[in-house]
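One structure is given here, and the rest of the page talks about it.
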Amino acid sequence: MRAISIIKSEHKNLGAVLYSLDKLIEEIDDGKQPDFSIFHGLFTYIDRFLDRYHHPKENHYLFPKLLARAPETESLIRELGQQHTEGEILFVEMLKALSAYEFSGDAEFPHFRETVSRYTEFERNHAHKEEEEILPRAREALQDSDWEEIDAAFDENEDPIFGNKWSDEFSGLLNKLISRLPAPLGLGDDWKK
Ligand SMILES: [Fe+2]
Ligand SMILES: [Fe+2]
C-alpha cells in the first residue's frame with residue numbers, strides 16, 4: 001500500500017508546482033518582468049514527471065487493478081482517465097500561450113494567464129478527486145498481491161525536483177524557485193508538508 005503515500009506525495013509536489021505557477025503569474029500582474037526560464041523549467045517538469053510518469057502509472061497499474069476488484073468504480077475511473085488526457089490538452093494550450101507571450105510580448109499575457117489558471121485549477125481538482133474518491137476505495141478493495149505490483153511501479157521513478165536524486169537540470173530549477181519565490185515556498189517549508 002506504499003503507492004498510496006507515494007501518490008499523495010507526488011500530488012503534494014505537483015501542488016507546489018501549481019502554486020508556483022499561480023504565484024509567478026501574480027508577480028507579473030504586479031508589474032514584475034517575467035522570467036521565462038522558470039516557466040520553461042516548470043513546464044518541462046510537468047511534461048516529464050506528471051504526464052510521462054505519474055498519470056501513466058495510475059492508468060496502467062492503479063486503475064485497472066481497482067476496476068477488477070471494484071467494478072462499481074468504472075465510471076469514476078473512466079472520468080479520471082479522461083481527465084489525464086484533458087490535462088495534457090490544457091497543458092499544450094498553456095505551452096503555446098507561453099510561446100506566444102515570449103515571442104510577441106505583453107499583449108499575449110492575458111491569454112497566457114487565462115491558460116495557466118485553467119490548468120492549475122483543473123489539475124488541483126483532479127488530484128483532489130483521486131484522493132477523496134479513488135484512494136480510499138483502493139485501500140479497501142485491493143489485495144496484497146495487487147499492491148505488490150502497484151507499489152513496485154510507483155517505487156520506480158524518482159521525482160526530479162522533489163525527490164532525493166535531483167538531476168542537475170532540475171536542481172537548478174529548484175534553486176531558482178527557492179531563491180525567487182516568497183515563503184512558504186522555501187525548500188522544506190510548509191508547502192512540502
Ligand atoms: Fe491522475
Ligand atoms: Fe494522481
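Letters A, B, ... go to the chains of the C-alpha cells in the order shown; residues in each chain start at 1; ligands are counted from 1 in the same order.
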
message: Set the distance at 8 Å and use only C-alpha atoms: which residues neighbour stretch 73-81 of chain A once local chain neighbours fewer than 2 positions away are removed? I'd like the list as JSON, numbers by chain.
response: {"A": [59, 63, 66, 67, 70, 71, 83, 84, 85, 126, 130]}

- request: Residues up to 12 Å from ligand 2, counting only C-alpha atoms and all ligand atoms: could you list those as a PyMOL selection string?
  value: chain A and resi 3-15+49-59+62-63+77+80-81+83-84+87+123-135+154

Selected residues written out, C-alpha atoms, as an mmCIF file, in the first residue's frame:
```
data_model
loop_
_atom_site.group_PDB
_atom_site.id
_atom_site.type_symbol
_atom_site.label_atom_id
_atom_site.label_comp_id
_atom_site.auth_asym_id
_atom_site.auth_seq_id
_atom_site.Cartn_x
_atom_site.Cartn_y
_atom_site.Cartn_z
ATOM 1 C CA ALA A 3 1.822 3.506 -3.503
ATOM 2 C CA ILE A 4 -0.888 5.473 -1.690
ATOM 3 C CA SER A 5 1.620 7.590 0.185
ATOM 4 C CA ILE A 6 3.782 7.936 -2.947
ATOM 5 C CA ILE A 7 0.770 9.168 -4.936
ATOM 6 C CA LYS A 8 -0.139 11.620 -2.185
ATOM 7 C CA SER A 9 3.386 12.955 -2.001
ATOM 8 C CA GLU A 10 3.552 13.301 -5.798
ATOM 9 C CA HIS A 11 0.272 15.232 -5.626
ATOM 10 C CA LYS A 12 1.758 17.476 -2.967
ATOM 11 C CA ASN A 13 4.794 18.148 -5.170
ATOM 12 C CA LEU A 14 2.522 18.887 -8.077
ATOM 13 C CA GLY A 15 0.577 21.229 -5.774
ATOM 14 C CA PHE A 49 7.040 13.869 -14.444
ATOM 15 C CA LEU A 50 3.276 14.309 -14.385
ATOM 16 C CA ASP A 51 2.404 13.366 -17.934
ATOM 17 C CA ARG A 52 5.061 10.704 -18.514
ATOM 18 C CA TYR A 53 5.264 9.040 -15.077
ATOM 19 C CA HIS A 54 2.544 9.899 -12.615
ATOM 20 C CA HIS A 55 -0.536 9.678 -14.828
ATOM 21 C CA PRO A 56 0.630 6.631 -16.831
ATOM 22 C CA LYS A 57 1.320 4.764 -13.576
ATOM 23 C CA GLU A 58 -2.218 5.468 -12.416
ATOM 24 C CA ASN A 59 -3.612 4.473 -15.817
ATOM 25 C CA LEU A 62 -3.820 1.514 -10.077
ATOM 26 C CA PHE A 63 -6.943 1.991 -12.211
ATOM 27 C CA ILE A 77 -12.075 5.551 -13.331
ATOM 28 C CA LEU A 80 -10.231 10.254 -14.194
ATOM 29 C CA GLY A 81 -8.545 8.643 -17.204
ATOM 30 C CA GLN A 83 -9.022 13.947 -17.204
ATOM 31 C CA HIS A 84 -5.424 12.757 -17.764
ATOM 32 C CA GLY A 87 -4.982 17.802 -18.700
ATOM 33 C CA GLU A 123 -5.083 19.624 -12.078
ATOM 34 C CA ARG A 124 -5.779 20.584 -8.471
ATOM 35 C CA ASN A 125 -9.352 19.348 -8.761
ATOM 36 C CA HIS A 126 -8.168 16.167 -10.455
ATOM 37 C CA ALA A 127 -5.699 15.271 -7.690
ATOM 38 C CA HIS A 128 -8.327 16.141 -5.073
ATOM 39 C CA LYS A 129 -10.867 13.826 -6.682
ATOM 40 C CA GLU A 130 -8.349 10.967 -6.724
ATOM 41 C CA GLU A 131 -7.501 11.470 -3.082
ATOM 42 C CA GLU A 132 -11.112 11.783 -1.984
ATOM 43 C CA GLU A 133 -12.724 9.127 -4.133
ATOM 44 C CA ILE A 134 -10.193 6.683 -5.557
ATOM 45 C CA LEU A 135 -7.519 6.182 -2.922
ATOM 46 C CA PHE A 154 5.293 3.601 -8.102
#
```

statement: Counting only C-alpha atoms, closest pick from A:His40, A:Leu18, A:Ala141, A:Asp29 relative to A:Val116 is A:Leu18

- prompt: A:Ala16, A:Glu88, A:Phe39, A:Pro34: which is nearest ligand 1, counting only C-alpha atoms and all ligand atoms?
  reply: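 That would be A:Glu88, the residue with the smallest distance to ligand 1.
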
message: Please identify the alpha helix (DSSP H) residues within chain A (assignment by DSSP from backbone atoms) and present them as number ranges by chain.
response: A: 2-29, 36-45, 55-57, 63-69, 74-104, 109-129, 135-141, 144-156, 168-180
